[in-house]
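Heads up, entry.txt below (compact mmCIF, C-alpha atoms):
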# COMPACT_ATOMS: atom_id res chain seq x y z
CA MET A 1 -51.57 7.95 -8.12
CA HIS A 2 -52.13 6.18 -11.35
CA SER A 3 -50.46 3.18 -12.81
CA SER A 4 -49.68 2.50 -16.41
CA LYS A 5 -49.36 -0.82 -18.09
CA VAL A 6 -46.36 -1.62 -20.25
CA TYR A 7 -47.26 -3.03 -23.63
CA ILE A 8 -44.61 -4.68 -25.69
CA PHE A 9 -45.03 -4.83 -29.44
CA VAL A 10 -42.98 -6.43 -32.11
CA VAL A 11 -43.56 -4.16 -35.05
CA ASN A 12 -42.97 -5.26 -38.59
CA ASP A 13 -45.48 -3.05 -40.29
CA MET A 14 -46.32 0.37 -38.88
CA ALA A 15 -49.59 0.72 -40.84
CA SER A 16 -51.12 -2.45 -39.46
CA PHE A 17 -49.81 -1.55 -36.00
CA VAL A 18 -51.69 1.76 -36.05
CA LYS A 19 -54.79 0.08 -37.38
CA THR A 20 -54.74 -2.58 -34.69
CA TYR A 21 -54.06 -0.37 -31.71
CA LYS A 22 -56.03 2.72 -32.74
CA ASN A 23 -58.91 1.90 -30.44
CA ARG A 24 -57.03 0.82 -27.34
CA ASN A 25 -57.93 2.15 -23.94
CA TYR A 26 -55.64 4.98 -23.06
CA ILE A 27 -55.24 6.50 -19.63
CA LYS A 28 -56.25 10.09 -19.14
CA ASN A 29 -53.80 11.87 -16.86
CA SER A 30 -54.29 14.93 -14.65
CA SER A 31 -53.26 17.29 -17.43
CA GLY A 32 -55.97 15.94 -19.65
CA PHE A 33 -53.66 14.05 -22.00
CA TYR A 34 -54.31 10.51 -22.99
CA HIS A 35 -51.26 8.42 -22.85
CA THR A 36 -49.98 4.93 -22.78
CA THR A 37 -46.53 3.39 -22.40
CA ILE A 38 -45.27 1.43 -25.31
CA THR A 39 -41.84 -0.15 -25.43
CA MET A 40 -40.92 -1.00 -28.98
CA ILE A 41 -38.38 -3.70 -29.65
CA LYS A 42 -36.62 -3.88 -32.93
CA MET A 43 -36.29 -7.48 -34.00
CA VAL A 44 -33.88 -8.84 -36.51
CA GLU A 45 -35.53 -9.24 -39.86
CA ALA A 46 -36.00 -12.76 -41.09
CA PRO A 47 -33.56 -13.76 -43.81
CA GLU A 48 -34.70 -14.10 -47.39
CA ASN A 49 -37.17 -16.98 -47.39
CA PHE A 50 -40.10 -18.65 -49.01
CA THR A 51 -43.18 -18.57 -46.84
CA GLY A 52 -46.40 -20.49 -47.26
CA GLN A 53 -49.23 -21.43 -44.99
CA GLY A 54 -47.65 -23.03 -41.93
CA PHE A 55 -44.11 -23.28 -43.28
CA GLN A 56 -41.13 -21.21 -44.12
CA THR A 57 -38.02 -22.25 -45.98
CA THR A 58 -34.63 -20.65 -46.13
CA SER A 59 -31.02 -21.82 -46.28
CA PHE A 60 -28.93 -22.87 -43.32
CA GLU A 61 -26.24 -20.46 -44.40
CA LYS A 62 -28.58 -17.50 -43.94
CA VAL A 63 -30.26 -18.60 -40.76
CA ILE A 64 -27.07 -19.74 -39.04
CA GLY A 65 -25.25 -16.60 -40.16
CA MET A 66 -28.05 -14.55 -38.65
CA ALA A 67 -27.94 -16.54 -35.43
CA ARG A 68 -24.16 -16.20 -35.14
CA ALA A 69 -24.20 -12.48 -35.82
CA ASN A 70 -26.81 -11.84 -33.16
CA SER A 71 -25.33 -13.92 -30.40
CA LEU A 72 -21.64 -13.02 -30.52
CA TRP A 73 -20.11 -13.81 -27.18
CA PRO A 74 -17.19 -11.46 -26.73
CA LEU A 75 -14.06 -12.25 -24.75
CA PRO A 76 -12.83 -8.89 -23.46
CA PHE A 77 -9.03 -8.92 -23.30
CA ALA A 78 -8.63 -5.51 -21.73
CA THR A 79 -5.22 -4.29 -20.67
CA SER A 80 -5.59 -0.51 -20.43
CA CYS A 81 -7.68 2.59 -21.14
CA CYS A 82 -9.48 1.09 -24.13
CA GLY A 83 -10.77 -1.49 -21.66
CA ILE A 84 -12.39 1.34 -19.70
CA GLU A 85 -14.16 2.46 -22.86
CA PHE A 86 -15.31 -1.11 -23.36
CA MET A 87 -16.78 -1.10 -19.84
CA ALA A 88 -18.85 1.92 -20.89
CA THR A 89 -19.80 0.08 -24.08
CA MET A 90 -20.99 -2.86 -22.02
CA ALA A 91 -22.89 -0.77 -19.48
CA SER A 92 -26.42 0.51 -19.76
CA THR A 93 -25.90 3.74 -21.75
CA TYR A 94 -24.38 2.09 -24.79
CA ASP A 95 -25.58 -1.40 -23.95
CA LEU A 96 -23.66 -3.89 -26.02
CA ALA A 97 -26.33 -6.44 -25.11
CA ARG A 98 -28.66 -4.84 -27.66
CA PHE A 99 -26.63 -6.53 -30.36
CA GLY A 100 -26.84 -9.97 -28.84
CA ALA A 101 -23.42 -9.75 -27.24
CA GLU A 102 -25.18 -10.26 -23.95
CA ARG A 103 -22.68 -12.43 -22.24
CA PRO A 104 -19.04 -11.33 -22.06
CA SER A 105 -17.27 -14.65 -21.87
CA PHE A 106 -14.12 -14.88 -19.84
CA SER A 107 -13.44 -18.37 -21.09
CA PRO A 108 -11.96 -18.68 -24.59
CA ARG A 109 -13.72 -21.98 -25.31
CA GLN A 110 -17.16 -20.44 -25.01
CA SER A 111 -16.52 -17.21 -26.87
CA ASP A 112 -16.80 -16.20 -30.51
CA LEU A 113 -15.17 -12.80 -30.54
CA LEU A 114 -11.78 -11.90 -29.08
CA MET A 115 -11.71 -8.20 -28.29
CA VAL A 116 -8.16 -7.06 -27.62
CA MET A 117 -8.31 -3.65 -26.00
CA GLY A 118 -5.13 -1.89 -25.00
CA THR A 119 -1.39 -2.08 -25.20
CA ILE A 120 -0.05 -5.61 -25.61
CA ALA A 121 3.51 -5.87 -24.30
CA LYS A 122 5.75 -8.38 -26.03
CA LYS A 123 5.65 -10.44 -22.86
CA MET A 124 1.85 -10.55 -23.06
CA GLY A 125 1.96 -11.64 -26.73
CA PRO A 126 2.13 -15.42 -26.16
CA ILE A 127 -0.86 -15.16 -23.80
CA VAL A 128 -3.03 -13.40 -26.40
CA ARG A 129 -1.98 -16.05 -28.88
CA GLN A 130 -2.83 -18.87 -26.50
CA VAL A 131 -6.25 -17.38 -25.81
CA TYR A 132 -6.88 -17.13 -29.56
CA GLU A 133 -5.78 -20.70 -30.12
CA GLN A 134 -8.11 -21.94 -27.39
CA MET A 135 -11.16 -20.37 -29.02
CA ALA A 136 -13.38 -22.68 -31.02
CA GLU A 137 -14.41 -21.94 -34.60
CA PRO A 138 -16.00 -19.77 -35.76
CA ARG A 139 -13.96 -17.04 -34.14
CA TRP A 140 -13.37 -13.40 -34.88
CA VAL A 141 -10.85 -10.89 -33.57
CA ILE A 142 -11.29 -7.17 -33.12
CA ALA A 143 -8.34 -4.90 -32.26
CA VAL A 144 -9.66 -1.96 -30.29
CA GLY A 145 -7.55 1.19 -30.13
CA ALA A 146 -4.30 2.39 -31.60
CA CYS A 147 -2.11 0.19 -29.37
CA ALA A 148 -3.78 -3.10 -30.21
CA SER A 149 -3.90 -2.11 -33.89
CA SER A 150 -0.37 -0.80 -34.36
CA GLY A 151 1.44 -0.34 -31.04
CA GLY A 152 0.14 3.22 -30.90
CA ILE A 153 2.39 5.76 -29.24
CA PHE A 154 4.44 2.98 -27.67
CA ASP A 155 6.96 2.57 -30.44
CA THR A 156 9.45 0.85 -28.18
CA TYR A 157 11.35 -2.34 -27.43
CA SER A 158 8.80 -3.75 -25.01
CA VAL A 159 5.53 -3.28 -26.91
CA LEU A 160 4.09 -5.45 -29.63
CA GLN A 161 3.55 -3.28 -32.71
CA GLY A 162 0.00 -4.43 -33.36
CA ILE A 163 -1.61 -7.74 -32.39
CA ASP A 164 -1.80 -8.75 -36.04
CA ARG A 165 1.83 -9.81 -35.60
CA ILE A 166 0.66 -12.78 -33.56
CA VAL A 167 -3.03 -13.40 -34.36
CA PRO A 168 -5.14 -12.66 -37.45
CA VAL A 169 -7.41 -9.63 -36.96
CA ASP A 170 -10.82 -9.14 -38.61
CA VAL A 171 -11.68 -5.57 -37.60
CA TYR A 172 -9.52 -2.68 -36.40
CA VAL A 173 -11.08 0.11 -34.36
CA PRO A 174 -8.79 3.15 -34.39
CA GLY A 175 -8.70 5.81 -31.67
CA CYS A 176 -6.76 6.55 -28.53
CA PRO A 177 -9.00 5.42 -26.96
CA PRO A 178 -11.98 4.99 -29.31
CA ARG A 179 -15.37 6.11 -28.06
CA PRO A 180 -17.99 3.45 -27.23
CA GLU A 181 -19.83 4.30 -30.45
CA GLN A 182 -16.73 3.33 -32.39
CA ILE A 183 -16.44 0.03 -30.53
CA LEU A 184 -20.11 -0.66 -31.32
CA GLU A 185 -19.39 0.12 -34.96
CA GLY A 186 -16.60 -2.47 -34.84
CA ILE A 187 -19.02 -5.03 -33.40
CA LEU A 188 -21.49 -4.24 -36.21
CA LYS A 189 -18.71 -4.85 -38.75
CA ILE A 190 -18.05 -8.22 -37.15
CA GLN A 191 -21.78 -8.97 -37.38
CA GLU A 192 -21.63 -8.17 -41.09
CA LEU A 193 -18.75 -10.62 -41.44
CA ALA A 194 -20.65 -13.29 -39.52
CA ILE A 195 -23.76 -12.86 -41.69
CA ASN A 196 -21.99 -12.73 -45.01
CA GLU A 197 -19.18 -15.21 -44.74
CA SER A 198 -19.74 -18.78 -45.76
CA LEU A 199 -20.48 -21.19 -42.93
CA ARG A 200 -17.39 -23.15 -43.81
CA ARG A 201 -15.16 -20.22 -44.68
CA ARG A 202 -12.96 -21.38 -41.88
CA ASN A 203 -12.23 -24.59 -43.78
CA THR A 204 -11.18 -22.84 -46.97
CA GLU A 205 -7.67 -22.95 -48.38
CA GLN A 206 -7.42 -19.20 -47.88
CA TYR A 207 -8.11 -19.47 -44.18
CA LYS A 208 -5.70 -22.37 -43.79
CA ALA A 209 -3.02 -20.33 -45.51
CA LEU A 210 -3.79 -17.39 -43.21
CA LEU A 211 -3.36 -19.51 -40.10
CA GLU A 212 -0.25 -21.13 -41.51
CA SER A 213 1.25 -17.67 -41.98
CA TYR A 214 0.83 -17.32 -38.21
CA GLN A 215 2.28 -20.81 -37.59
CA MET A 216 -1.08 -22.03 -36.30
CA LYS A 217 -2.93 -25.22 -37.10
CA ILE A 218 -6.60 -25.58 -37.90
CA THR A 219 -8.15 -27.08 -34.80
CA MET B 1 25.22 11.90 21.59
CA ALA B 2 25.79 14.33 18.76
CA ILE B 3 23.37 14.18 15.84
CA LEU B 4 24.75 11.94 13.11
CA THR B 5 25.17 13.64 9.75
CA SER B 6 26.17 12.22 6.42
CA GLN B 7 29.42 14.22 6.63
CA ILE B 8 30.39 12.23 9.72
CA VAL B 9 29.63 9.00 7.86
CA ILE B 10 31.73 10.09 4.88
CA ASP B 11 34.65 11.07 7.13
CA ASP B 12 34.43 7.72 8.88
CA LEU B 13 34.42 5.86 5.56
CA ILE B 14 37.42 7.80 4.25
CA ALA B 15 39.29 7.06 7.45
CA LYS B 16 38.59 3.35 7.11
CA PHE B 17 38.67 2.72 3.34
CA GLU B 18 41.07 5.55 2.41
CA ASP B 19 41.85 5.50 -1.31
CA ASP B 20 38.90 3.30 -2.21
CA ILE B 21 36.55 6.25 -1.60
CA SER B 22 36.81 8.83 -4.36
CA GLU B 23 34.84 11.60 -6.05
CA VAL B 24 33.00 12.61 -2.90
CA TYR B 25 30.44 15.33 -3.52
CA GLU B 26 27.06 16.39 -2.23
CA PRO B 27 24.56 17.31 -4.95
CA TYR B 28 21.21 18.48 -3.54
CA GLY B 29 22.28 17.43 -0.05
CA LEU B 30 22.83 13.78 -0.99
CA HIS B 31 26.35 12.62 -0.21
CA THR B 32 27.71 10.62 -3.11
CA PHE B 33 30.98 8.81 -3.61
CA THR B 34 32.58 6.37 -5.99
CA THR B 35 34.27 3.12 -5.09
CA THR B 36 35.58 0.00 -6.82
CA ARG B 37 33.96 -3.34 -7.47
CA GLU B 38 36.45 -5.01 -5.11
CA GLN B 39 35.45 -2.77 -2.21
CA ILE B 40 31.71 -2.31 -2.76
CA ILE B 41 30.57 -5.33 -0.73
CA PRO B 42 32.91 -4.63 2.24
CA ILE B 43 31.64 -1.04 2.27
CA LEU B 44 27.98 -2.13 2.14
CA GLU B 45 28.61 -4.63 4.95
CA TYR B 46 30.47 -2.05 7.02
CA LEU B 47 27.60 0.43 6.68
CA TYR B 48 24.99 -2.26 7.34
CA PHE B 49 26.54 -3.73 10.46
CA HIS B 50 28.06 -0.53 11.88
CA ASN B 51 27.00 -0.06 15.52
CA GLN B 52 25.88 3.49 15.00
CA PHE B 53 25.14 3.99 11.29
CA ARG B 54 22.85 1.04 10.50
CA PHE B 55 22.38 1.61 6.76
CA GLN B 56 19.98 -1.32 6.51
CA PHE B 57 17.64 -0.16 3.77
CA LEU B 58 18.68 -0.45 0.13
CA THR B 59 16.34 2.12 -1.42
CA ASP B 60 17.50 1.58 -4.94
CA LEU B 61 20.03 -0.23 -7.04
CA CYS B 62 20.25 0.66 -10.68
CA GLY B 63 22.46 0.87 -13.73
CA VAL B 64 23.53 3.82 -15.86
CA HIS B 65 25.23 3.83 -19.25
CA PHE B 66 27.70 6.56 -20.22
CA PRO B 67 28.69 5.56 -23.75
CA ASP B 68 31.33 8.29 -24.08
CA SER B 69 33.44 7.70 -20.97
CA ALA B 70 36.04 5.14 -22.03
CA GLY B 71 36.68 2.32 -19.57
CA LYS B 72 33.87 3.57 -17.29
CA GLU B 73 30.90 3.05 -19.56
CA LEU B 74 28.62 1.32 -17.10
CA CYS B 75 27.79 2.45 -13.59
CA VAL B 76 26.01 0.64 -10.78
CA THR B 77 24.42 3.01 -8.29
CA TYR B 78 23.40 2.04 -4.76
CA HIS B 79 21.10 4.24 -2.71
CA LEU B 80 21.30 3.49 1.00
CA HIS B 81 19.13 4.77 3.80
CA THR B 82 19.46 4.49 7.54
CA LEU B 83 16.04 4.50 9.11
CA LEU B 84 17.61 5.12 12.52
CA HIS B 85 19.09 8.50 11.56
CA ASN B 86 17.18 9.27 8.35
CA ILE B 87 20.36 9.75 6.33
CA ARG B 88 20.83 8.74 2.73
CA LEU B 89 24.00 7.85 0.82
CA ARG B 90 24.65 7.21 -2.84
CA ILE B 91 27.47 4.93 -3.92
CA LYS B 92 28.65 4.56 -7.51
CA VAL B 93 30.80 1.86 -9.07
CA TYR B 94 32.04 2.30 -12.64
CA LEU B 95 32.66 -0.74 -14.82
CA PRO B 96 34.18 -1.15 -18.28
CA ILE B 97 31.65 -2.34 -20.85
CA GLU B 98 33.94 -5.19 -21.98
CA ASN B 99 33.87 -6.75 -18.51
CA PRO B 100 30.75 -5.56 -16.66
CA THR B 101 30.96 -7.79 -13.61
CA ILE B 102 30.43 -6.89 -9.98
CA PRO B 103 29.79 -9.03 -6.89
CA THR B 104 26.16 -9.40 -5.86
CA ALA B 105 24.77 -7.44 -2.93
CA CYS B 106 22.17 -10.13 -2.24
CA LYS B 107 24.13 -11.46 0.71
CA VAL B 108 23.84 -8.07 2.44
CA PHE B 109 20.39 -6.95 1.21
CA ALA B 110 17.82 -9.57 0.21
CA SER B 111 16.00 -6.84 -1.72
CA ALA B 112 18.96 -6.53 -4.08
CA ASN B 113 17.88 -9.79 -5.71
CA TRP B 114 15.06 -8.25 -7.77
CA GLN B 115 16.90 -5.02 -8.54
CA GLU B 116 20.06 -6.76 -9.70
CA ARG B 117 18.03 -8.93 -12.05
CA GLU B 118 16.41 -5.79 -13.42
CA THR B 119 19.80 -4.08 -13.84
CA TYR B 120 21.10 -7.15 -15.63
CA ASP B 121 18.00 -7.22 -17.81
CA PHE B 122 18.38 -3.63 -19.01
CA TYR B 123 22.15 -3.04 -18.92
CA GLY B 124 23.74 -6.48 -19.06
CA ILE B 125 25.69 -5.99 -15.85
CA ILE B 126 26.69 -9.40 -14.46
CA PHE B 127 26.21 -9.70 -10.70
CA GLU B 128 28.52 -12.53 -9.67
CA GLY B 129 27.05 -14.86 -7.07
CA HIS B 130 23.45 -13.82 -7.73
CA PRO B 131 21.16 -16.83 -7.08
CA GLN B 132 19.14 -16.46 -10.29
CA LEU B 133 20.53 -13.91 -12.70
CA LYS B 134 18.10 -13.99 -15.63
CA ARG B 135 15.76 -11.53 -17.32
CA ILE B 136 12.89 -10.33 -15.16
CA LEU B 137 10.87 -7.67 -17.03
CA ASN B 138 11.67 -8.27 -20.68
CA VAL B 139 10.88 -11.30 -22.80
CA ASP B 140 13.26 -14.19 -22.15
CA ASP B 141 14.45 -14.44 -25.75
CA MET B 142 15.53 -10.80 -26.02
CA ASP B 143 19.12 -10.72 -27.27
CA TYR B 144 20.11 -7.17 -26.37
CA PHE B 145 20.09 -4.85 -23.36
CA PRO B 146 17.53 -2.18 -24.21
CA LEU B 147 18.56 0.69 -21.94
CA ARG B 148 22.14 0.84 -23.18
CA LYS B 149 22.59 4.03 -25.16
CA GLU B 150 23.68 2.12 -28.24
CA TYR B 151 20.62 2.59 -30.37
CA PRO B 152 19.76 5.53 -32.62
CA LEU B 153 16.86 7.75 -31.63
CA GLU B 154 13.67 7.47 -33.61
CA ASP B 155 13.79 9.05 -37.03
CA GLN B 156 11.94 12.32 -36.48
CA THR B 157 10.90 12.52 -40.13
CA ARG B 158 8.96 9.28 -40.27
CA ARG B 159 5.36 9.71 -41.41
CA ASP B 160 3.68 6.45 -40.44
CA LYS B 161 2.83 7.37 -36.86
CA GLU B 162 1.11 10.71 -37.27
CA ASP B 163 -1.56 11.83 -34.84
CA LEU B 164 -4.09 11.72 -37.65
CA TYR B 165 -4.04 7.95 -37.62
CA PHE B 166 -4.61 7.68 -33.88
CA GLY B 167 -7.62 9.95 -33.47
CA ARG B 168 -5.59 12.53 -31.55
Exercise: express the given structure as structure tokens:
Amino acid sequence: MHSSKVYIFVVNDMASFVKTYKNRNYIKNSSGFYHTTITMIKMVEAPENFTGQGFQTTSFEKVIGMARANSLWPLPFATSCCGIEFMATMASTYDLARFGAERPSFSPRQSDLLMVMGTIAKKMGPIVRQVYEQMAEPRWVIAVGACASSGGIFDTYSVLQGIDRIVPVDVYVPGCPPRPEQILEGILKIQELAINESLRRRNTEQYKALLESYQMKIT
Amino acid sequence: MAILTSQIVIDDLIAKFEDDISEVYEPYGLHTFTTTREQIIPILEYLYFHNQFRFQFLTDLCGVHFPDSAGKELCVTYHLHTLLHNIRLRIKVYLPIENPTIPTACKVFASANWQERETYDFYGIIFEGHPQLKRILNVDDMDYFPLRKEYPLEDQTRRDKEDLYFGR
């Protein structure tokens, strides 16, 4: 029996990392190999800043954008098979938590990202809309799968032909259903939006006009 | 006691209701007949309360639309089952589309309540005396009856819903 320690490093610079840990004590195993266990964690890079001794300056826009993008709390609104794919996305293999979406929020007030996954019947429409209206700013919407994006194969009297008929959508993920990788890609697109959009984009005339086109008020 | 068959039930009904029972046939072993909206409730009650028959299970109640048969466009179909004898019956009532009214079966079968609302929702058949005849599955503000065969089929040449766009 032998035990190994787990070392955790935050690596910014591989050259200095090698230099620092070159002379560590490694464990020799029964096959004669030296080994150690290192878990490397990729951290988000600091935004563009000015650094001096003991201080660092940057703009709120950048640092808050970074914080928002890396702590998106999703509200999974799953109605069918795309919801099953989302469960896989959330679970350990694909691990949505890696991107800071650690806490799926089942309360609209505490969530940033509405993920509509699956067929939305016309009767469900007002409920999706109410959930969206209850979310606090800033809020993003992602339509996962063909049904949420366009009604999909259900081109019929009872199915809403895309959730963008009732709520504004930021990112569409096509597929029937999309694979977890595609859903992750959608989340990354939302992160890009969160980083790059102005902090007060939601107060712009454009955004007001967008909500007005959906007969919604800025809350 | 001789084993009860659906033929015996049909003969008994014809003896009692005479001309109100028509178009009797037996597709796939299921005895089917047509009656009128005036006689449907008395027939259901007769079958329900009959000492021997006991047709006390309304398996299904649904609508059908035959757009081409003039004066008999809409049809209400009742499927009855007697759990005592394991016999099924199918009863049809044809209605003109201009006046699609029929008395409710709720007073005989409580389970007809839901199914009549559904039939109203999809075919617009008015069940007179129903306690709450309003839409049940579709959105409340829908202004048409979606399962009537009044709407053209999808245009097969449309190009905006190709498999390519859905990852299939």
Take CA of Gly145 in chain A and CA of Tyr172 in chain A and report the distance between them in Å, one decimal. 7.6 Å
Hey, which bits of chain A sit within 6 Å of chain B, and for each residue what's the closest pair of atoms and how far apart in Å (one decimal), counting all atoms listed in the file, rows by chain and increasing number, as a Markdown table?
| residue | atom | partner | partner_atom | distance |
| --- | --- | --- | --- | --- |
| A:Lys123 | CA | B:Val139 | CA | 5.3 |
| A:Ala146 | CA | B:Phe166 | CA | 5.8 |
| A:Gly175 | CA | B:Gly167 | CA | 4.6 |
| A:Cys176 | CA | B:Phe166 | CA | 5.9 |
Report, in Å to a single decimal, how far apart CA of Lys189 in chain A and CA of Arg165 in chain A are. 21.4 Å
Write out as a Markdown table the residues of range 53-107 of chain A that have any atom within 10 Å of an atom of range 41-45 of chain A, one row each with the nearest atom pair and its distance in Å to one decimal, counting all atoms listed in the file, sorted by chain and then rising number.
| residue | atom | partner | partner_atom | distance |
| --- | --- | --- | --- | --- |
| A:Met66 | CA | A:Val44 | CA | 8.4 |
| A:Ala67 | CA | A:Val44 | CA | 9.8 |
| A:Asn70 | CA | A:Val44 | CA | 8.4 |
| A:Arg98 | CA | A:Lys42 | CA | 9.6 |
| A:Phe99 | CA | A:Val44 | CA | 9.8 |
So how many Å separate CA of Met135 in chain A and CA of Lys217 in chain A, to one decimal?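 Distance between the two atoms: 12.5 Å.
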Can you list, as a ChimeraX atom specification, every protein, DNA or RNA residue that comes within 12 Å of Asn51 in chain B when you count only C-alpha atoms, leaving out same-chain residues fewer than 6 positions away? /B:45,82,84
Tell me, as number ranges by chain, which residues lie within 12 Å of Tyr25 in chain B, counting all atoms listed in the file; anything in the same chain fewer than 3 positions away does not count. B: 6-7, 10, 21-22, 28-34, 89-92
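The closest residue to Val9 in chain B, picked from B:Ile126, B:Ala70, B:Ile40, B:Ile87 and counting all atoms listed in the file, is B:Ile87.
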Please write as a PyMOL selection string the list of polymer residues whose atoms come within 12 Å of (-25.1, -19.4, -33.2), counting all atoms listed in the file and keeping to the coordinates of the file. chain A and resi 60-73+100-101+110-112+137-139+191+194-195+199
